[in-house]
6 protein chains.
Amino acid sequence: MSAQPKFRFLLINAFSLEPGSGFQMRAFSGPKEEQMHNYADVAPFLADVDWDLHPGARSTHGNWPVETKFEFMSVGINRLPLVREACESGKYNAIVLLGGGDPGYLEAREIGRSFGIPVTTCAHAQMHMAGLLGHKFSIIDISETHNMQMYNLVLQYRMADRCASIRNVNFPLPKPQYSDERPIQVERDRALRGEPSAMLDAAVEEAVSAIEEDGADVLMIGCSAAFWLQPLLQKRLREMGWDVPVLEGYRCAIEAAKTLVSLGVDASGLAIPLGRPSRWRRKKVF
Amino acid sequence: MSAQPKFRFLLINAFSLEPGSGFQMRAFSGPKEEQMHNYADVAPFLADVDWDLHPGARSTHGNWPVETKFEFMSVGINRLPLVREACESGKYNAIVLLGGGDPGYLEAREIGRSFGIPVTTCAHAQMHMAGLLGHKFSIIDISETHNMQMYNLVLQYRMADRCASIRNVNFPLPKPQYSDERPIQVERDRALRGEPSAMLDAAVEEAVSAIEEDGADVLMIGCSAAFWLQPLLQKRLREMGWDVPVLEGYRCAIEAAKTLVSLGVDASGLAIPLGRPSRWRRKKVF
Amino acid sequence: MSAQPKFRFLLINAFSLEPGSGFQMRAFSGPKEEQMHNYADVAPFLADVDWDLHPGARSTHGNWPVETKFEFMSVGINRLPLVREACESGKYNAIVLLGGGDPGYLEAREIGRSFGIPVTTCAHAQMHMAGLLGHKFSIIDISETHNMQMYNLVLQYRMADRCASIRNVNFPLPKPQYSDERPIQVERDRALRGEPSAMLDAAVEEAVSAIEEDGADVLMIGCSAAFWLQPLLQKRLREMGWDVPVLEGYRCAIEAAKTLVSLGVDASGLAIPLGRPSRWRRKKVF
Amino acid sequence: MSAQPKFRFLLINAFSLEPGSGFQMRAFSGPKEEQMHNYADVAPFLADVDWDLHPGARSTHGNWPVETKFEFMSVGINRLPLVREACESGKYNAIVLLGGGDPGYLEAREIGRSFGIPVTTCAHAQMHMAGLLGHKFSIIDISETHNMQMYNLVLQYRMADRCASIRNVNFPLPKPQYSDERPIQVERDRALRGEPSAMLDAAVEEAVSAIEEDGADVLMIGCSAAFWLQPLLQKRLREMGWDVPVLEGYRCAIEAAKTLVSLGVDASGLAIPLGRPSRWRRKKVF
Amino acid sequence: MSAQPKFRFLLINAFSLEPGSGFQMRAFSGPKEEQMHNYADVAPFLADVDWDLHPGARSTHGNWPVETKFEFMSVGINRLPLVREACESGKYNAIVLLGGGDPGYLEAREIGRSFGIPVTTCAHAQMHMAGLLGHKFSIIDISETHNMQMYNLVLQYRMADRCASIRNVNFPLPKPQYSDERPIQVERDRALRGEPSAMLDAAVEEAVSAIEEDGADVLMIGCSAAFWLQPLLQKRLREMGWDVPVLEGYRCAIEAAKTLVSLGVDASGLAIPLGRPSRWRRKKVF
Amino acid sequence: MSAQPKFRFLLINAFSLEPGSGFQMRAFSGPKEEQMHNYADVAPFLADVDWDLHPGARSTHGNWPVETKFEFMSVGINRLPLVREACESGKYNAIVLLGGGDPGYLEAREIGRSFGIPVTTCAHAQMHMAGLLGHKFSIIDISETHNMQMYNLVLQYRMADRCASIRNVNFPLPKPQYSDERPIQVERDRALRGEPSAMLDAAVEEAVSAIEEDGADVLMIGCSAAFWLQPLLQKRLREMGWDVPVLEGYRCAIEAAKTLVSLGVDASGLAIPLGRPSRWRRKKVF
């Protein structure tokens, strides 16, 4: 353990696009720090980690980001070989899947399990952190289609009782067939410069409604293209007098990975069985 | 309506294998009736349907049937182009996805929605039929890994409150790396000939335990490779004095497709939104 | 089976009234088509059915329609002999109980079970269809008392988790002791003529609130005296850009009956036991 | 209040039978004390009550006690006129419906509400008392059909989360078409004499299973024909070392009536609305 | 029973303060009637009780009333010796803990159990009474910190499914470090004199929102310092046309104590085990 | 950050006893490592932490360990001043409460919040870690009274849906009034030496029943006096072929503290409000 760092993580982006996609929120090649949304926010969390980053498999669904069920499935399966290679390489003791809608997460955990390597990701980790902090979380998210991906995750992770609501700021991701009047990266850049941003304003408005109407006492963010909102939304809410934590996916996924590595666990072999386990159960209940 | 039959369905198998797979429960080419498990059981349900059958996309995960999460995702995405082509062809007014673990179902419904064509499948349809008949269903299923696929479906479909249990007969599907002492097709053939079958016996035993211990009042079957159990299990239970319906996937999926076609609906556009809907909701709740 | 049509249904209205009741939405005698609310909407669903209609037992609670618990119980028990006679006649292979609040449904199913004949009805069938289409349904309904009948049905059918809300348009049914400023049939006739109808407007308003505030992604209608709303409400919502299915009771109950007949099931004998069953369970759980 | 006793109750039996019914557990005429199951157990609870007893409307479903859904509905509606008369008489400030399966309870409460008079009954009251004492109750009950009546009540009263199980001792009520090898009254008389009773033994066995397997920490009794079990079952469990309260219906229903009279409430007018209330709600939620 | 009154209760206030606390809603010494909030409202409920009142242990957390978790724990443990002494005295057959947030209730029941003496308290009793009357209750309460005490009680008592909401009128209790612009006792005195009270107005407003938006059909009151609201809020709601019961803690706790004494039970020994019970269970489930 | 270590924790034992207590599982004074149960198991988790340990406030409930509700409340309030002092000292950035039944946890978090310092503890942390790993956890615990403390925690933390069961090995803690035939420390020492231990055997048996009967796929341990079971139980289950993670409290609580410190959060200010927050909510929902 002295020779090796305690945490050796591979971070895998959800996908990479070719130039000209209209989605210019991060680089898809070059230094790893530039390929990650909002690296400055995440850097302290990687200070004690020996980490690599994979830009994500090149998208095959089209040269645009991910919102529909098909697109999520497509980028999900595309990165599974990366997960397998990373596990086989022996270089990593955890895999962190970047991306807000958790594409391929359950399948990647299954691969990780066969190597005893934990795999974490953004929505799953945020929902569990939220439970440590309060009673109910709301998800601040970007669009109708992306919302319903988050909805399905909440059901799949059995979090419906803990999810106060999914709140929609309605800033969808770019697609060729739609004109893009309010690109997220423009909103982000404005907001980061301290200029007015309709997207940040919408996030504040929806967060307050989530608190006042839906019963949320923790906030998390859905799409990773909106993770830049976290410090700004946290600040705005605090200035308004709302004492409520705002979570974000990358940091939560990295911290969850550290915890699992430390505890020496990845996932229950009963929840994610492999092949033909030596022991089997006659029944499963809910 | 006089010119065209009321029901024009394409049935799509979950996958097709190359010869030599060790999984010989149905043909992967030839007459459509031979490519379907237990055609005789299903034939009356297709009597008023103008139907085609697709053998399923050739598997890319390996030349064996499907049990793991990765395998389910793989065959799921592989058949989405078939769904799209079928919708585009204009020949069908519903798509019925064969296969017990519902690979690619949510994504296929998304495609169907963009054409206004309903898509149904085996586990989803059985769970909803079960609700019409009783309070709680149990799933008779084949192996640990397949059980957990069913488990995830129960959560995804929000059926945990209605699912009494998943019961495991422990007859896993063949894989090259495992010797196969109790192949399902041998069990089926024995049982159909009226000879003793350990798999049928196990199904009876687990069904009775589901009734007596778990509170099930309806039974359904998980893996389509076990759908042949339905009439035999129903008969055995009836002979024992248990007055409990046993469902099966193909018939339920076909009937669900008929209902949706008749009602002129496919799926809620709020549950499965497409692109950028003209109306959006500020919040979603559970 | 060649000699007989596949579907031989008796449709039984909830009750019939004497002339002068102030409830003039359908005939209580004469051709069967005129005794059914909105026959034109339902006709295509009966095209492949050999059907009879019973006008409903003459009401004994008073000469007005049904809203209170007592009234529902009264018309419920009054039509049970009709169900029994129909089963005994050997003419029908399913009974469809018309009426939105499902009077006598559980008891009628018990009778049907003893003949192996499925019985379906409007609220139960709509709730199950809604599950096939989306995550949560709301019920558009007519009055406080009728709402609470629907409320009790939602609990009895264990649908509370799937019911987003019951929405009240507040157009109560006529009763002698109340002056009737806004009779439903006047609203219906106006709406069908394309003239403004306060009741249709209220239904649109409540439907939109159900979608935007309560989380509904499917709508169904409570009282059968409001089933005429279905095509109009569906159209209005579609014109507003809401892509949400609106269900109605008669069609759903008829389709549910077809499904049960096709599958050869009626109800679980464990959920609705008869007399002294040969097998009994030591425990029942929820 | 000085002139009148604080509690003026009418107790109404579920039904009365003609001689020769084979159900000889209580008188159907004569002194009120003899018309009540196990009067000695209940007497102290009536000591501060000015009470009358109605033998129950003469049964119209047949000359046997009540187990099926139809029978419950029949005796339920038959006693509603008695409830109305009692309310109109001005003699009573509460009505206590005797009988374990609560026939006509919701409808009777509706009548009671219109007079501001509380109505209580045996299963409902027991379930609420159980909540005051522990986390989960099990119901010791007599037969498959009666069990499912209790099951429906648990759902209707929204008690599924608090009901650990319904446990069946399988001593069905007499019916002409069944020979009656183990009549309940014989079991009762044996048990009261201190002789061995298979029914009491079964109740002990099921109670212990409810505690050990189902998680019950309070027990209640389903059918009023089994209420005699209460002191004996309580004693047997105590002797075995089980420190668990066993409830019974008459005492709980009487105590619930006292509480409601004291508090000056009967039922929420929003849960059980009458006619056309001056205030109405746009929505109801669960 | 002739020698002793049936009900012999000790009522124990949550705490007593030294003079100068700024909390002047009741006396902390002198005649028992003056040491109880709103004695006139409660007097009829004590008419058939032989009762004593303890002013409450002198507070050790500070000379102000109770809102934080620490303060609740502090006054909770401080009154446990009083409970034990009362049980040991042999003078009482029930203990009624006054105070809206139920400090020390579970621990006091444990003590009571070891003497076979029931202990009741205000929030627990109100929640159970609410269940007798309707489907869902809302709690009208005074401040953020007190609300969250109520929130924790709802979870602890497993009432989340039955609690529509906790509604905050935002009239916090006095503390030295806060100026107190709207003392509750001033509001109370104004309201009792028939003058306008902002606190009563807020309670009406929140009660109506609870009914119209949250689905409440019964109302209860959180903090005992707001129990005076009950008759006034009930009257205001009735005048507005809302037919909804408003409960209050003292009366409910006293009535619950009477019921438990009459039934001869205190609490389930499985829910609140003592020492080393003779029988133990291998498992507990929820 | 260079000057100070990242993690500066105070670990506070639940209580300390005087010599002669009969509870000899750890020292109550001396080197911090000896005052902690099973230090060797925990040491690696403290390797990157600058930590102190407090032996726990001297017990005032008696000179024995903690099982009853009163005892839990007593040691809970006794350690609150230690939490406050630790926060005020400025020396720590997190407090870890040792002890399996979480005495004083909610109150300690309230104190921590007022300093912005997270507080973690053993049951709460284990339950949340369990959620990261599987669907349902069971708690292996020591006795009836301690089980019900865990039961209350599960309800308070809203984990009932995720808790498969609490399983009782029935090795209660010592008390003066009971002879102690099977002291836990004897069992521990035997087991650690590789000799047969009835307590370890019971833990294995209950763990297997939790897996096979209750649906657990993760195991955690209740009482801290049983935390020594973790590595041994994990090993035994693995040898039997059960691929299921076994958690333990100290490690989980330490890891949870690291995560919260890293994320810069302690608890939601809406869930645990302090004094009079600048923003308040009109309603809270569940």
# chains A, B, ... in the order shown; residues from 1 in each chain; ligands from 1
call {"tool": "residues_around", "arguments": {"residues": "Ala257 of chain D", "least_positions_apart": "3", "cutoff": "8 Å", "atoms": "only C-alpha atoms", "output": "list in words"}}
result
Ala94, Ile95, Val96, Pro118, Val119, Thr120, Ala253, Ile254, Leu260 and Val261 of chain D
call {"tool": "select_by_dssp", "arguments": {"residues": "segment 48-170 of chain D", "states": "alpha helix (DSSP H)", "output": "VMD selection string"}}
result
chain D and resid 69 to 89 105 to 115 122 to 133 144 to 156
call {"tool": "residues_around", "arguments": {"residues": "Gln185 of chain E", "least_positions_apart": "3", "cutoff": "8 Å", "atoms": "only C-alpha atoms", "output": "ChimeraX atom specification"}}
result
/E:23-25,188-189
call {"tool": "select_by_dssp", "arguments": {"residues": "segment 61-148 of chain C", "states": "strand (DSSP E)", "output": "list in words"}}
result
Ala94, Ile95, Val96, Leu97, Val119, Thr120, Thr121, Phe137, Ser138, Ile139, Ile140 and Asp141 of chain C
call {"tool": "write_last_selection", "arguments": {"atoms": "C-alpha atoms", "output": "PDB file, in the first residue's frame"}}
result
ATOM      1  CA  ALA C  94     -68.529 -11.979 -20.021  1.00  0.00           C
ATOM      2  CA  ILE C  95     -70.546  -9.411 -18.134  1.00  0.00           C
ATOM      3  CA  VAL C  96     -69.707  -5.716 -18.460  1.00  0.00           C
ATOM      4  CA  LEU C  97     -71.032  -3.564 -15.663  1.00  0.00           C
ATOM      5  CA  VAL C 119     -67.076  -9.485 -14.969  1.00  0.00           C
ATOM      6  CA  THR C 120     -65.532  -6.111 -15.734  1.00  0.00           C
ATOM      7  CA  THR C 121     -66.440  -2.549 -14.940  1.00  0.00           C
ATOM      8  CA  PHE C 137     -53.519   8.730 -13.475  1.00  0.00           C
ATOM      9  CA  SER C 138     -55.921  11.396 -12.329  1.00  0.00           C
ATOM     10  CA  ILE C 139     -59.671  10.968 -12.270  1.00  0.00           C
ATOM     11  CA  ILE C 140     -61.815  13.766 -13.657  1.00  0.00           C
ATOM     12  CA  ASP C 141     -65.027  13.526 -11.713  1.00  0.00           C
TER      13      ASP C 141
END
call {"tool": "closest_atom_pairs", "arguments": {"of": "segment 169-285 of chain E", "to": "segment 162-172 of chain C", "cutoff": "12 Å", "atoms": "only C-alpha atoms", "output": "Markdown table"}}
result
| residue | atom | partner | partner_atom | distance |
| --- | --- | --- | --- | --- |
| E:Glu212 | CA | C:Arg167 | CA | 11.4 |
| E:Glu213 | CA | C:Ser165 | CA | 10.9 |
| E:Asp214 | CA | C:Ser165 | CA | 10.8 |
| E:Gly215 | CA | C:Ser165 | CA | 9.5 |
call {"tool": "write_last_selection", "arguments": {"atoms": "C-alpha atoms", "output": "PDB file, in the first residue's frame"}}
result
ATOM      1  CA  GLU E 212     -57.532  22.412  -0.461  1.00  0.00           C
ATOM      2  CA  GLU E 213     -53.953  21.643  -1.460  1.00  0.00           C
ATOM      3  CA  ASP E 214     -52.613  18.859   0.748  1.00  0.00           C
ATOM      4  CA  GLY E 215     -55.636  16.588   1.021  1.00  0.00           C
TER       5      GLY E 215
END
call {"tool": "atom_distance", "arguments": {"atom1": "atom CA of Lys258 of chain C", "atom2": "atom CA of Leu82 of chain B"}}
result
29.4 Å
call {"tool": "interface_residues", "arguments": {"of": "chain C", "to": "chain D", "cutoff": "6 Å", "atoms": "only C-alpha atoms", "output": "JSON, numbers by chain"}}
result
{"C": [69, 70, 107, 145, 155, 156, 160, 165, 166, 167, 168, 273, 282, 283, 284, 285, 286]}
call {"tool": "write_last_selection", "arguments": {"atoms": "N, CA and C atoms", "output": "PDB file, in the first residue's frame"}}
result
ATOM      1  N   LYS C  69     -72.883   6.940  -0.727  1.00  0.00           N
ATOM      2  CA  LYS C  69     -72.495   5.549  -0.449  1.00  0.00           C
ATOM      3  C   LYS C  69     -73.720   4.636  -0.403  1.00  0.00           C
ATOM      4  N   PHE C  70     -74.758   5.101   0.248  1.00  0.00           N
ATOM      5  CA  PHE C  70     -75.957   4.276   0.331  1.00  0.00           C
ATOM      6  C   PHE C  70     -76.504   4.006  -1.065  1.00  0.00           C
ATOM      7  N   GLU C 107     -68.901  -7.967  -5.653  1.00  0.00           N
ATOM      8  CA  GLU C 107     -69.902  -9.002  -5.434  1.00  0.00           C
ATOM      9  C   GLU C 107     -70.266  -9.675  -6.768  1.00  0.00           C
ATOM     10  N   THR C 145     -69.458  14.077  -3.388  1.00  0.00           N
ATOM     11  CA  THR C 145     -69.865  12.728  -2.941  1.00  0.00           C
ATOM     12  C   THR C 145     -69.376  11.666  -3.925  1.00  0.00           C
ATOM     13  N   LEU C 155     -58.658   3.063  -3.115  1.00  0.00           N
ATOM     14  CA  LEU C 155     -58.101   2.326  -1.977  1.00  0.00           C
ATOM     15  C   LEU C 155     -58.396   0.827  -2.107  1.00  0.00           C
ATOM     16  N   GLN C 156     -59.651   0.499  -2.420  1.00  0.00           N
ATOM     17  CA  GLN C 156     -60.034  -0.906  -2.488  1.00  0.00           C
ATOM     18  C   GLN C 156     -59.234  -1.652  -3.552  1.00  0.00           C
ATOM     19  N   ALA C 160     -53.714   3.553  -4.776  1.00  0.00           N
ATOM     20  CA  ALA C 160     -53.382   4.874  -4.223  1.00  0.00           C
ATOM     21  C   ALA C 160     -52.024   5.357  -4.720  1.00  0.00           C
ATOM     22  N   SER C 165     -54.455  12.093  -8.407  1.00  0.00           N
ATOM     23  CA  SER C 165     -55.480  12.920  -7.762  1.00  0.00           C
ATOM     24  C   SER C 165     -56.837  12.555  -8.339  1.00  0.00           C
ATOM     25  N   ILE C 166     -57.849  12.951  -7.597  1.00  0.00           N
ATOM     26  CA  ILE C 166     -59.214  12.973  -8.119  1.00  0.00           C
ATOM     27  C   ILE C 166     -59.563  14.450  -8.259  1.00  0.00           C
ATOM     28  N   ARG C 167     -59.957  14.850  -9.441  1.00  0.00           N
ATOM     29  CA  ARG C 167     -60.220  16.275  -9.715  1.00  0.00           C
ATOM     30  C   ARG C 167     -61.716  16.487  -9.909  1.00  0.00           C
ATOM     31  N   ASN C 168     -62.236  17.472  -9.289  1.00  0.00           N
ATOM     32  CA  ASN C 168     -63.669  17.710  -9.199  1.00  0.00           C
ATOM     33  C   ASN C 168     -64.087  18.881 -10.079  1.00  0.00           C
ATOM     34  N   PRO C 273     -62.438 -16.130  -3.179  1.00  0.00           N
ATOM     35  CA  PRO C 273     -62.729 -17.555  -2.960  1.00  0.00           C
ATOM     36  C   PRO C 273     -64.233 -17.799  -2.906  1.00  0.00           C
ATOM     37  N   ARG C 282     -52.962 -20.758   5.249  1.00  0.00           N
ATOM     38  CA  ARG C 282     -52.889 -20.363   6.658  1.00  0.00           C
ATOM     39  C   ARG C 282     -52.781 -18.860   6.809  1.00  0.00           C
ATOM     40  N   LYS C 283     -52.185 -18.203   5.849  1.00  0.00           N
ATOM     41  CA  LYS C 283     -52.047 -16.751   6.021  1.00  0.00           C
ATOM     42  C   LYS C 283     -52.251 -16.000   4.723  1.00  0.00           C
ATOM     43  N   LYS C 284     -52.663 -14.751   4.873  1.00  0.00           N
ATOM     44  CA  LYS C 284     -52.741 -13.803   3.773  1.00  0.00           C
ATOM     45  C   LYS C 284     -51.898 -12.586   4.158  1.00  0.00           C
ATOM     46  N   VAL C 285     -51.151 -12.065   3.212  1.00  0.00           N
ATOM     47  CA  VAL C 285     -50.357 -10.859   3.502  1.00  0.00           C
ATOM     48  C   VAL C 285     -50.608  -9.812   2.421  1.00  0.00           C
ATOM     49  N   PHE C 286     -50.093  -8.616   2.646  1.00  0.00           N
ATOM     50  CA  PHE C 286     -50.409  -7.485   1.771  1.00  0.00           C
ATOM     51  C   PHE C 286     -49.196  -7.049   0.947  1.00  0.00           C
TER      52      PHE C 286
END
call {"tool": "atom_distance", "arguments": {"atom1": "atom CA of Tyr92 of chain A", "atom2": "atom CA of Phe9 of chain A"}}
result
5.2 Å
call {"tool": "residues_around", "arguments": {"residues": "Gly249 of chain D", "least_positions_apart": "5", "cutoff": "9 Å", "atoms": "only C-alpha atoms", "output": "PyMOL selection string"}}
result
chain D and resi 98-100+121-126+220-224+227+254
call {"tool": "write_last_selection", "arguments": {"atoms": "N, CA and C atoms", "output": "PDB file, in the first residue's frame"}}
result
ATOM      1  N   LEU D  98     -72.453  -4.341  15.506  1.00  0.00           N
ATOM      2  CA  LEU D  98     -71.801  -5.592  15.902  1.00  0.00           C
ATOM      3  C   LEU D  98     -71.542  -6.424  14.641  1.00  0.00           C
ATOM      4  N   GLY D  99     -70.557  -7.305  14.731  1.00  0.00           N
ATOM      5  CA  GLY D  99     -70.218  -8.137  13.562  1.00  0.00           C
ATOM      6  C   GLY D  99     -68.813  -7.831  13.103  1.00  0.00           C
ATOM      7  N   GLY D 100     -68.062  -8.888  12.827  1.00  0.00           N
ATOM      8  CA  GLY D 100     -66.640  -8.732  12.612  1.00  0.00           C
ATOM      9  C   GLY D 100     -66.210  -8.197  11.264  1.00  0.00           C
ATOM     10  N   THR D 121     -67.679   0.256  14.530  1.00  0.00           N
ATOM     11  CA  THR D 121     -67.860  -1.173  14.291  1.00  0.00           C
ATOM     12  C   THR D 121     -66.574  -1.931  14.595  1.00  0.00           C
ATOM     13  N   CYS D 122     -66.648  -3.240  14.464  1.00  0.00           N
ATOM     14  CA  CYS D 122     -65.684  -4.105  15.149  1.00  0.00           C
ATOM     15  C   CYS D 122     -64.296  -4.151  14.512  1.00  0.00           C
ATOM     16  N   ALA D 123     -64.199  -4.343  13.196  1.00  0.00           N
ATOM     17  CA  ALA D 123     -62.874  -4.443  12.597  1.00  0.00           C
ATOM     18  C   ALA D 123     -62.196  -3.079  12.581  1.00  0.00           C
ATOM     19  N   HIS D 124     -62.924  -2.079  12.173  1.00  0.00           N
ATOM     20  CA  HIS D 124     -62.370  -0.726  12.120  1.00  0.00           C
ATOM     21  C   HIS D 124     -61.848  -0.298  13.486  1.00  0.00           C
ATOM     22  N   ALA D 125     -62.651  -0.509  14.509  1.00  0.00           N
ATOM     23  CA  ALA D 125     -62.234  -0.091  15.840  1.00  0.00           C
ATOM     24  C   ALA D 125     -61.024  -0.885  16.329  1.00  0.00           C
ATOM     25  N   GLN D 126     -61.034  -2.174  16.089  1.00  0.00           N
ATOM     26  CA  GLN D 126     -59.884  -2.990  16.522  1.00  0.00           C
ATOM     27  C   GLN D 126     -58.592  -2.544  15.842  1.00  0.00           C
ATOM     28  N   MET D 220     -55.779  -9.215  16.713  1.00  0.00           N
ATOM     29  CA  MET D 220     -57.207  -8.920  16.778  1.00  0.00           C
ATOM     30  C   MET D 220     -57.957 -10.102  16.164  1.00  0.00           C
ATOM     31  N   ILE D 221     -59.247 -10.114  16.307  1.00  0.00           N
ATOM     32  CA  ILE D 221     -60.028 -11.252  15.840  1.00  0.00           C
ATOM     33  C   ILE D 221     -60.971 -10.798  14.737  1.00  0.00           C
ATOM     34  N   GLY D 222     -61.093 -11.624  13.696  1.00  0.00           N
ATOM     35  CA  GLY D 222     -61.874 -11.236  12.536  1.00  0.00           C
ATOM     36  C   GLY D 222     -63.369 -11.401  12.737  1.00  0.00           C
ATOM     37  N   CYS D 223     -63.840 -12.617  12.646  1.00  0.00           N
ATOM     38  CA  CYS D 223     -65.277 -12.884  12.661  1.00  0.00           C
ATOM     39  C   CYS D 223     -65.822 -12.788  14.087  1.00  0.00           C
ATOM     40  N   SER D 224     -66.983 -12.179  14.241  1.00  0.00           N
ATOM     41  CA  SER D 224     -67.543 -12.050  15.596  1.00  0.00           C
ATOM     42  C   SER D 224     -67.886 -13.415  16.177  1.00  0.00           C
ATOM     43  N   PHE D 227     -65.134 -14.180  18.496  1.00  0.00           N
ATOM     44  CA  PHE D 227     -64.719 -13.228  19.542  1.00  0.00           C
ATOM     45  C   PHE D 227     -64.567 -13.902  20.903  1.00  0.00           C
ATOM     46  N   ILE D 254     -67.278  -0.424  21.210  1.00  0.00           N
ATOM     47  CA  ILE D 254     -67.961   0.345  22.264  1.00  0.00           C
ATOM     48  C   ILE D 254     -67.057   1.462  22.771  1.00  0.00           C
TER      49      ILE D 254
END
call {"tool": "residues_around", "arguments": {"residues": "Leu229 of chain D", "least_positions_apart": "3", "cutoff": "12 Å", "atoms": "only C-alpha atoms", "output": "PyMOL selection string"}}
result
chain D and resi 37-38+41+140-142+169+184-185+187-192+197-204+207+219-226+232-237+246-249
call {"tool": "atom_distance", "arguments": {"atom1": "atom CA of Val42 of chain F", "atom2": "atom CA of Ala14 of chain F"}}
result
16.9 Å
call {"tool": "residues_around", "arguments": {"residues": "Gly20 of chain F", "least_positions_apart": "2", "cutoff": "12 Å", "atoms": "only C-alpha atoms", "output": "NGL selection string"}}
result
:F and (16-18 or 22-24 or 27-28 or 62-65 or 174-176)
call {"tool": "residues_around", "arguments": {"residues": "Leu10 of chain B", "least_positions_apart": "4", "cutoff": "6 Å", "atoms": "only C-alpha atoms", "output": "JSON, numbers by chain"}}
result
{"B": [51, 52, 53, 95]}
call {"tool": "closest_residue", "arguments": {"among": "A:Met127, A:Asp50, A:Arg113, A:Met240", "to": "Glu205 of chain A", "atoms": "only C-alpha atoms"}}
result
A:Met240
